[in-house]
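Asker: Here you go, this is structure13.cif (mmCIF, C-alpha atoms).
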data_coords
#
loop_
_atom_site.label_atom_id
_atom_site.label_comp_id
_atom_site.auth_asym_id
_atom_site.auth_seq_id
_atom_site.Cartn_x
_atom_site.Cartn_y
_atom_site.Cartn_z
CA MET V 110 163.71 1.82 -51.82
CA SER V 111 161.06 0.86 -54.34
CA GLU V 112 158.57 -1.94 -53.68
CA ASP V 113 159.76 -4.08 -56.57
CA HIS V 114 163.26 -4.13 -55.17
CA GLY V 115 162.39 -5.34 -51.73
CA HIS V 116 164.09 -8.72 -51.86
CA ASP V 117 167.09 -9.59 -49.81
CA HIS V 118 170.11 -10.27 -51.97
CA ALA V 119 171.53 -12.72 -49.44
CA GLU V 120 168.64 -15.08 -50.17
CA ILE V 121 170.01 -15.78 -53.64
CA GLY V 122 173.48 -17.16 -53.57
CA PRO V 123 175.70 -20.07 -54.47
CA GLU V 124 174.66 -21.90 -51.32
CA ASP V 125 171.06 -22.03 -52.50
CA GLU V 126 169.90 -25.50 -53.43
CA HIS V 127 167.69 -24.44 -56.32
CA PRO V 128 169.79 -24.60 -59.52
CA GLY V 129 167.82 -21.81 -61.18
CA LEU V 130 168.82 -19.44 -58.43
CA GLN V 131 172.55 -20.10 -58.60
CA TRP V 132 174.96 -17.52 -59.97
CA ASP V 133 175.99 -18.48 -63.47
CA VAL V 134 178.30 -15.54 -64.11
CA SER V 135 181.11 -14.14 -62.06
CA LEU V 136 181.42 -10.36 -62.09
CA SER V 137 184.61 -8.33 -62.09
CA GLU V 138 185.10 -5.72 -59.38
CA ARG V 139 184.26 -3.00 -61.91
CA ALA V 140 181.09 -4.75 -63.02
CA LYS V 141 180.01 -5.18 -59.39
CA ARG V 142 180.65 -1.50 -58.70
CA SER V 143 178.71 -0.50 -61.81
CA LEU V 144 175.80 -2.74 -60.83
CA ALA V 145 175.81 -1.39 -57.27
CA MET V 146 175.73 2.22 -58.52
CA HIS V 147 172.97 1.36 -60.99
CA GLU V 148 170.83 -0.13 -58.22
CA LEU V 149 171.57 2.72 -55.83
CA LEU V 150 170.64 5.42 -58.37
CA ILE V 151 167.36 3.67 -59.02
CA GLU V 152 166.63 3.14 -55.32
CA LYS V 153 167.31 6.81 -54.61
CA GLY V 154 165.05 7.84 -57.46
CA VAL V 155 167.78 9.67 -59.40
CA VAL V 156 166.99 7.70 -62.56
CA THR V 157 164.47 5.06 -63.50
CA ASN V 158 165.29 1.67 -64.92
CA GLU V 159 163.48 2.68 -68.11
CA GLU V 160 165.74 5.72 -68.53
CA VAL V 161 168.83 3.58 -68.14
CA GLU V 162 167.46 1.06 -70.66
CA THR V 163 166.63 3.79 -73.17
CA ALA V 164 170.06 5.40 -72.85
CA SER V 165 171.75 2.03 -73.22
CA ASN V 166 169.65 1.11 -76.26
CA ASN V 167 170.33 4.47 -77.88
CA LEU V 168 174.05 3.92 -77.44
CA ARG V 169 173.88 0.52 -79.12
CA ARG V 170 171.51 1.60 -81.87
CA ARG V 171 174.36 2.93 -84.01
CA THR V 172 177.32 1.03 -85.42
CA PRO V 173 180.37 2.14 -87.42
CA ALA V 174 178.38 1.30 -90.57
CA ASP V 175 176.35 4.47 -89.89
CA GLY V 176 179.43 6.66 -89.74
CA ALA V 177 180.72 4.94 -92.90
CA LYS V 178 177.58 5.98 -94.79
CA VAL V 179 178.19 9.61 -93.83
CA VAL V 180 181.81 9.40 -95.01
CA ALA V 181 180.93 7.70 -98.31
CA LYS V 182 178.28 10.36 -98.99
CA ALA V 183 180.88 13.07 -98.38
CA TRP V 184 183.27 11.33 -100.79
CA VAL V 185 180.77 11.33 -103.66
CA ASP V 186 179.00 14.64 -102.98
CA PRO V 187 181.31 17.68 -102.58
CA GLU V 188 178.44 19.96 -101.53
CA PHE V 189 177.38 17.55 -98.80
CA LYS V 190 181.01 17.32 -97.71
CA GLN V 191 181.20 21.08 -97.32
CA ARG V 192 178.00 21.13 -95.28
CA LEU V 193 179.37 18.29 -93.13
CA LEU V 194 182.54 20.23 -92.38
CA ASP V 195 180.64 23.48 -91.73
CA ASP V 196 177.75 22.14 -89.65
CA ALA V 197 178.01 18.42 -88.98
CA ARG V 198 174.83 18.24 -86.91
CA ALA V 199 172.67 19.62 -89.72
CA ALA V 200 174.43 17.57 -92.41
CA VAL V 201 174.05 14.19 -90.71
CA TYR V 202 170.44 15.06 -89.95
CA GLU V 203 169.89 15.14 -93.73
CA LEU V 204 170.87 11.47 -93.75
CA GLY V 205 168.49 10.62 -90.93
CA TYR V 206 170.86 10.80 -87.98
CA SER V 207 169.84 12.79 -84.96
CA LEU V 208 172.64 13.62 -82.54
CA ALA V 209 172.40 13.69 -78.77
CA HIS V 210 171.38 17.13 -77.55
CA ASP V 211 174.16 17.57 -75.07
CA ALA V 212 177.19 17.35 -77.35
CA GLU V 213 178.23 18.98 -80.60
CA LEU V 214 179.82 17.09 -83.46
CA SER V 215 182.76 18.30 -85.46
CA VAL V 216 184.03 16.51 -88.56
CA VAL V 217 187.75 16.90 -89.28
CA GLU V 218 189.08 16.15 -92.75
CA ASN V 219 192.18 14.14 -93.53
CA THR V 220 194.02 15.27 -96.65
CA GLU V 221 197.35 14.44 -98.25
CA ASP V 222 198.89 17.10 -95.96
CA VAL V 223 197.07 16.65 -92.64
CA HIS V 224 196.10 13.55 -90.66
CA HIS V 225 193.75 13.73 -87.64
CA VAL V 226 193.54 11.23 -84.81
CA VAL V 227 190.98 11.49 -82.00
CA VAL V 228 191.43 10.75 -78.31
CA CYS V 229 189.68 11.69 -75.08
CA THR V 230 192.42 12.02 -72.48
CA LEU V 231 190.04 12.62 -69.56
CA CYS V 232 187.56 9.79 -70.15
CA SER V 233 186.17 8.20 -73.31
CA CYS V 234 184.20 10.88 -75.18
CA TYR V 235 183.35 9.42 -78.58
CA PRO V 236 180.87 10.18 -81.42
CA SER V 237 178.52 7.39 -80.27
CA SER V 238 175.58 8.98 -82.10
CA LEU V 239 177.26 7.88 -85.34
CA LEU V 240 179.60 5.03 -84.38
CA GLY V 241 177.94 3.29 -81.43
CA PRO V 242 179.92 2.41 -78.29
CA PRO V 243 183.69 3.00 -78.39
CA PRO V 244 186.11 0.06 -78.64
CA ASP V 245 187.76 -1.00 -75.37
CA TRP V 246 191.22 0.15 -76.45
CA TYR V 247 189.86 3.68 -76.96
CA LYS V 248 189.00 3.74 -73.24
CA SER V 249 192.33 2.28 -72.10
CA PHE V 250 194.78 4.37 -70.09
CA ALA V 251 197.53 3.45 -72.55
CA TYR V 252 195.71 4.87 -75.58
CA ARG V 253 194.56 7.97 -73.71
CA GLN V 254 197.99 8.76 -72.31
CA ARG V 255 200.12 7.93 -75.33
CA THR V 256 198.09 9.38 -78.21
CA VAL V 257 198.63 13.00 -77.14
CA ILE V 258 202.39 12.69 -76.78
CA GLU V 259 203.40 9.97 -79.26
CA PRO V 260 200.59 9.78 -81.83
CA ARG V 261 202.87 8.52 -84.57
CA SER V 262 204.01 5.54 -82.49
CA VAL V 263 200.42 4.71 -81.59
CA MET V 264 199.34 4.82 -85.25
CA ARG V 265 202.36 2.71 -86.22
CA GLU V 266 201.09 0.02 -83.84
CA PHE V 267 197.78 0.12 -85.73
CA GLY V 268 199.76 -0.39 -88.96
CA LEU V 269 199.84 3.22 -90.14
CA GLU V 270 203.24 4.75 -90.84
CA LEU V 271 202.89 8.43 -91.71
CA SER V 272 205.50 10.44 -93.58
CA GLN V 273 207.15 13.31 -91.67
CA ASP V 274 205.76 15.63 -94.36
CA ILE V 275 202.23 14.96 -93.17
CA GLN V 276 201.08 17.10 -90.24
CA VAL V 277 199.57 15.05 -87.45
CA ARG V 278 196.78 16.88 -85.64
CA VAL V 279 195.74 15.10 -82.46
CA VAL V 280 192.25 16.08 -81.35
CA ASP V 281 191.50 15.73 -77.62
CA SER V 282 187.73 15.71 -77.20
CA SER V 283 187.59 15.99 -73.44
CA ALA V 284 184.67 18.43 -73.26
CA ASP V 285 181.29 18.83 -75.01
CA GLN V 286 182.35 18.35 -78.60
CA ARG V 287 182.73 14.97 -80.32
CA TYR V 288 184.99 14.45 -83.32
CA LEU V 289 184.61 12.24 -86.37
CA VAL V 290 187.48 11.91 -88.82
CA LEU V 291 186.61 12.18 -92.51
CA PRO V 292 189.34 9.98 -94.01
CA GLU V 293 190.84 10.66 -97.40
CA ARG V 294 189.14 8.77 -100.22
CA PRO V 295 191.42 5.91 -101.30
CA ALA V 296 192.98 6.01 -104.76
CA GLY V 297 191.55 3.74 -107.45
CA THR V 298 187.97 4.04 -106.23
CA ASP V 299 186.54 6.16 -109.04
CA GLY V 300 184.30 3.37 -110.36
CA LEU V 301 182.82 2.41 -106.97
CA THR V 302 179.28 3.12 -105.86
CA GLU V 303 178.55 4.98 -102.63
CA GLU V 304 177.62 1.67 -101.02
CA GLN V 305 180.87 0.01 -102.11
CA LEU V 306 182.82 3.01 -100.82
CA ALA V 307 181.14 2.75 -97.42
CA ASP V 308 182.53 -0.80 -97.11
CA LEU V 309 186.06 0.65 -97.21
CA VAL V 310 185.40 2.98 -94.26
CA THR V 311 186.40 1.24 -91.04
CA ARG V 312 185.63 2.36 -87.50
CA ASP V 313 189.34 2.88 -86.84
CA SER V 314 189.70 5.13 -89.89
CA MET V 315 186.98 7.40 -88.48
CA ILE V 316 188.92 7.61 -85.19
CA GLY V 317 192.02 8.25 -87.28
CA VAL V 318 194.33 5.50 -86.04
CA THR V 319 194.25 3.92 -89.51
CA ASN V 320 193.39 4.86 -93.07
CA PRO V 321 190.39 3.34 -94.83
CA LEU V 322 190.77 0.12 -96.82
CA SER V 323 191.99 0.01 -100.40
CA PRO V 324 189.52 -1.18 -103.09
CA GLU V 325 191.16 -4.60 -102.69
CA GLY V 326 190.21 -4.55 -99.00
CA ALA V 327 193.71 -4.06 -97.60
CA PRO V 328 194.58 -1.42 -95.00
CA ILE V 329 196.33 1.59 -96.56
CA SER V 330 199.52 2.45 -94.71
CA MET P 236 176.58 34.02 -77.91
CA ASN P 237 179.14 36.45 -76.50
CA THR P 238 182.67 35.16 -76.83
CA LYS P 239 185.79 36.74 -75.43
CA PHE P 240 188.06 35.20 -78.07
CA SER P 241 187.89 34.65 -81.79
CA PRO P 242 189.60 32.26 -84.23
CA GLY P 243 193.28 33.02 -84.81
CA GLN P 244 193.77 34.73 -81.46
CA VAL P 245 196.66 33.58 -79.26
CA VAL P 246 195.62 32.53 -75.76
CA ARG P 247 197.17 31.01 -72.69
CA VAL P 248 195.55 28.31 -70.59
CA ARG P 249 195.33 29.27 -66.93
CA PRO P 250 197.99 27.35 -64.98
CA ASP P 251 195.72 26.97 -61.94
CA ALA P 252 195.46 23.84 -59.88
CA HIS P 253 191.90 22.70 -59.33
CA ASP P 254 190.71 20.34 -56.63
CA GLY P 255 187.34 19.43 -58.11
CA HIS P 256 186.06 17.99 -61.35
CA HIS P 257 187.25 20.00 -64.33
CA ARG P 258 187.89 19.25 -67.96
CA THR P 259 191.15 21.06 -68.61
CA PRO P 260 193.89 18.43 -69.03
CA TRP P 261 197.00 19.06 -66.90
CA PHE P 262 199.39 18.93 -69.86
CA ILE P 263 198.09 22.12 -71.49
CA LYS P 264 197.77 24.20 -68.32
CA GLY P 265 199.99 27.27 -68.66
CA LYS P 266 200.58 26.61 -72.38
CA MET P 267 200.03 29.03 -75.23
CA GLY P 268 197.87 28.10 -78.18
CA ARG P 269 195.73 29.60 -80.89
CA ILE P 270 191.94 29.64 -81.04
CA HIS P 271 190.98 27.36 -83.93
CA SER P 272 187.18 27.57 -83.66
CA VAL P 273 184.26 28.17 -81.34
CA ALA P 274 182.25 25.02 -80.61
CA GLY P 275 179.27 26.69 -78.94
CA GLU P 276 178.34 27.30 -75.34
CA PHE P 277 177.70 24.63 -72.77
CA PHE P 278 176.79 24.14 -69.13
CA ASN P 279 179.83 24.45 -66.91
CA PRO P 280 180.84 20.87 -66.01
CA GLU P 281 182.60 22.08 -62.86
CA SER P 282 179.23 22.95 -61.36
CA ARG P 283 177.18 20.21 -63.00
CA ALA P 284 179.46 17.49 -61.62
CA TYR P 285 178.18 18.36 -58.13
CA GLY P 286 174.51 18.77 -58.94
CA GLY P 287 174.76 22.48 -59.79
CA ASP P 288 172.91 24.15 -62.68
CA GLY P 289 176.05 24.75 -64.76
CA LEU P 290 175.13 28.40 -65.28
CA PRO P 291 176.34 30.69 -66.67
CA LYS P 292 177.05 28.64 -69.76
CA GLN P 293 180.63 28.74 -70.95
CA PRO P 294 181.78 29.18 -74.55
CA LEU P 295 183.90 26.21 -75.62
CA TYR P 296 186.86 26.66 -77.96
CA ALA P 297 188.96 24.26 -79.97
CA VAL P 298 192.44 25.52 -79.13
CA GLU P 299 195.40 24.39 -81.21
CA PHE P 300 198.84 23.95 -79.64
CA GLU P 301 202.14 23.10 -81.24
CA GLN P 302 203.25 19.74 -79.91
CA ARG P 303 206.72 21.20 -79.44
CA ASP P 304 205.28 23.84 -77.08
CA VAL P 305 203.35 21.28 -75.07
CA TRP P 306 205.99 18.56 -74.64
CA ALA P 307 209.26 20.35 -75.54
CA THR P 308 211.96 17.82 -76.46
CA GLU P 309 209.84 14.91 -75.26
CA TYR P 310 207.92 15.19 -78.52
CA ARG P 311 209.59 13.12 -81.23
CA GLY P 312 207.55 14.09 -84.31
CA PRO P 313 208.12 17.00 -86.72
CA ASP P 314 207.64 20.63 -85.66
CA SER P 315 204.46 20.93 -87.72
CA ASP P 316 202.51 18.44 -85.56
CA THR P 317 199.78 19.96 -83.42
CA LEU P 318 197.37 19.10 -80.62
CA VAL P 319 193.83 20.45 -80.52
CA VAL P 320 192.11 20.53 -77.12
CA ASP P 321 188.59 21.77 -76.35
CA ILE P 322 188.76 24.32 -73.53
CA TYR P 323 186.07 26.37 -71.79
CA GLU P 324 186.43 30.14 -71.85
CA HIS P 325 187.02 30.66 -68.14
CA TRP P 326 190.23 28.63 -68.44
CA LEU P 327 191.68 30.95 -71.10
CA VAL P 328 193.43 34.30 -70.82
CA LYS P 329 194.64 36.59 -73.54
CA ALA P 330 198.29 36.18 -74.47
CA ASN P 331 200.65 38.86 -75.87
#
Produce structure tokens that represent the structure in this file.

Answerer:
Amino acid sequence: MSEDHGHDHAEIGPEDEHPGLQWDVSLSERAKRSLAMHELLIEKGVVTNEEVETASNNLRRRTPADGAKVVAKAWVDPEFKQRLLDDARAAVYELGYSLAHDAELSVVENTEDVHHVVVCTLCSCYPSSLLGPPPDWYKSFAYRQRTVIEPRSVMREFGLELSQDIQVRVVDSSADQRYLVLPERPAGTDGLTEEQLADLVTRDSMIGVTNPLSPEGAPIS
Amino acid sequence: MNTKFSPGQVVRVRPDAHDGHHRTPWFIKGKMGRIHSVAGEFFNPESRAYGGDGLPKQPLYAVEFEQRDVWATEYRGPDSDTLVVDIYEHWLVKAN
């Protein structure tokens, strides 16, 4: 146990008279468990608080707007697109994005014939290096169980009805490779700048549960 | 990197039960699929999960299965739909 964590937790509780020392949040069982593990790992010297902070900050440093920039670049630059499909790590590095060392990135392209949707059935593997933390529904048991067996129903619930002529390729990223979907560029966007195109690329379209927005800002179904 | 399989090859996922941490989903155990691509080689998560060194590293493959083969009649979509799962080499055996 480290010196700076030598206080007794029982001293601070709701029964304490001092208002500044009263609990002002109530934690769920999961949050309590997470906090307990966090404290235990630090007390046992497995990780330091700084390492946890750094990892947490790195995870939150990116947002779906970063992934959208990569997609928009691929839409306007066919050579970049090819490099992105061949070697995603090197291609996104060109745009200033450095991926975590421990996982590879693969970009899968949606076309008029094939539609990809990404799931991690075993946990919640997600291309956080480009999209930031995953949405809660991506981590839910329902999404993880249903997407591998009834992807079309799941996408329908997100508002995307796909023709039977389109092949649905579900990608289960349960190991060391993360997947980013490169959605198909919407029709009627020839006059748009790269920046305007990026605004049409939603987080959900890079997971594959939806298509990107139309130039009018409506979801394409 | 030495790989036992190459893209296009038909493989079967070992049907083995496994008591510890492993990253081969139950629904593709015993199923036949086709190697789509090689992702690289990675520390073995079955050893790393328990503080081991994860060596030797395992090649990781994206293996593509036909949904019809995985779920039989439970799958409601068209025959062309597929499922791609990343699987480590030691879980794959050569088929046919």

Asker: Return the single residue from P:Lys292, P:Arg269, P:Arg258, P:Lys239 that is closest to P:Ala330, with distances computed using only C-alpha atoms.

Answerer: P:Arg269

Asker: Run the PyMOL selection byres ((chain P) within 8 of (chain V)) against the file shown and list the residues it catches, as a count of residues only.

Answerer: 22

Asker: Do you know which residues the PyMOL selection byres ((chain V and resi 248-250) around 10) returns on this file, as a ChimeraX atom specification?

Answerer: /V:228-235,243-247,251-255

Asker: Do you have the atom CA of V:His210-atom CA of V:Ala197 distance handy?

Answerer: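 Calculated distance between atom CA of V:His210 and atom CA of V:Ala197 is 13.3 Å.
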
Asker: Pick the closest to P:Val248 from P:Lys266, P:Trp261, P:Met236, P:Tyr296: which is it, counting all atoms listed in the file?

Answerer: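 Among P:Lys266, P:Trp261, P:Met236, P:Tyr296, it is P:Lys266 that comes nearest to P:Val248.
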
Asker: For the structure provided, state which residues fall under the PyMOL selection byres ((chain V and resi 312-326) around 8), and present them as a PyMOL selection string.

Answerer: chain V and resi 173-174+176-177+224-228+240+263-264+267-269+289-298+309-311+327-330

Asker: Export C-alpha atoms of the chosen residues as a PDB file, keeping the file's coordinate frame?

Answerer:
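Once everything was written out, this is part-v8.pdb:
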ATOM      1  CA  PRO V 173     180.370   2.140 -87.420  1.00  0.00           C
ATOM      2  CA  ALA V 174     178.380   1.300 -90.570  1.00  0.00           C
ATOM      3  CA  GLY V 176     179.430   6.660 -89.740  1.00  0.00           C
ATOM      4  CA  ALA V 177     180.720   4.940 -92.900  1.00  0.00           C
ATOM      5  CA  HIS V 224     196.100  13.550 -90.660  1.00  0.00           C
ATOM      6  CA  HIS V 225     193.750  13.730 -87.640  1.00  0.00           C
ATOM      7  CA  VAL V 226     193.540  11.230 -84.810  1.00  0.00           C
ATOM      8  CA  VAL V 227     190.980  11.490 -82.000  1.00  0.00           C
ATOM      9  CA  VAL V 228     191.430  10.750 -78.310  1.00  0.00           C
ATOM     10  CA  LEU V 240     179.600   5.030 -84.380  1.00  0.00           C
ATOM     11  CA  VAL V 263     200.420   4.710 -81.590  1.00  0.00           C
ATOM     12  CA  MET V 264     199.340   4.820 -85.250  1.00  0.00           C
ATOM     13  CA  PHE V 267     197.780   0.120 -85.730  1.00  0.00           C
ATOM     14  CA  GLY V 268     199.760  -0.390 -88.960  1.00  0.00           C
ATOM     15  CA  LEU V 269     199.840   3.220 -90.140  1.00  0.00           C
ATOM     16  CA  LEU V 289     184.610  12.240 -86.370  1.00  0.00           C
ATOM     17  CA  VAL V 290     187.480  11.910 -88.820  1.00  0.00           C
ATOM     18  CA  LEU V 291     186.610  12.180 -92.510  1.00  0.00           C
ATOM     19  CA  PRO V 292     189.340   9.980 -94.010  1.00  0.00           C
ATOM     20  CA  GLU V 293     190.840  10.660 -97.400  1.00  0.00           C
ATOM     21  CA  ARG V 294     189.140   8.770-100.220  1.00  0.00           C
ATOM     22  CA  PRO V 295     191.420   5.910-101.300  1.00  0.00           C
ATOM     23  CA  ALA V 296     192.980   6.010-104.760  1.00  0.00           C
ATOM     24  CA  GLY V 297     191.550   3.740-107.450  1.00  0.00           C
ATOM     25  CA  THR V 298     187.970   4.040-106.230  1.00  0.00           C
ATOM     26  CA  LEU V 309     186.060   0.650 -97.210  1.00  0.00           C
ATOM     27  CA  VAL V 310     185.400   2.980 -94.260  1.00  0.00           C
ATOM     28  CA  THR V 311     186.400   1.240 -91.040  1.00  0.00           C
ATOM     29  CA  ALA V 327     193.710  -4.060 -97.600  1.00  0.00           C
ATOM     30  CA  PRO V 328     194.580  -1.420 -95.000  1.00  0.00           C
ATOM     31  CA  ILE V 329     196.330   1.590 -96.560  1.00  0.00           C
ATOM     32  CA  SER V 330     199.520   2.450 -94.710  1.00  0.00           C
TER      33      SER V 330
END

Asker: Work out how far apart atom CA of V:Leu306 and atom CA of V:Ala181 are and give it in Å to one decimal.

Answerer: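 If I compute the distance from atom CA of V:Leu306 to atom CA of V:Ala181, I get 5.6 Å.
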
Asker: Please report the interatomic distance between atom CA of V:Leu301 and atom CA of V:Lys178 in Å with one decimal.

Answerer: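 Atom CA of V:Lys178 lies at a distance of 13.7 Å from atom CA of V:Leu301.
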
Asker: Edge lengths and centre, in Å to one decimal, as AutoDock Vina command-line options: that's what I need for the box along x, y and z that holds all listed atoms of stretch 304-310 of chain P plus 4 Å on each side.

Answerer:
--center_x 207.7 --center_y 19.4 --center_z -76.6 --size_x 16.6 --size_y 16.9 --size_z 11.9

Asker: If we count only C-alpha atoms and set the cut-off at 8 Å, which residues sit around P:Asn279, ignoring sequence neighbours fewer than 4 positions away in its own chain? Please answer as a PyMOL selection string.

Answerer: chain P and resi 283+289-293
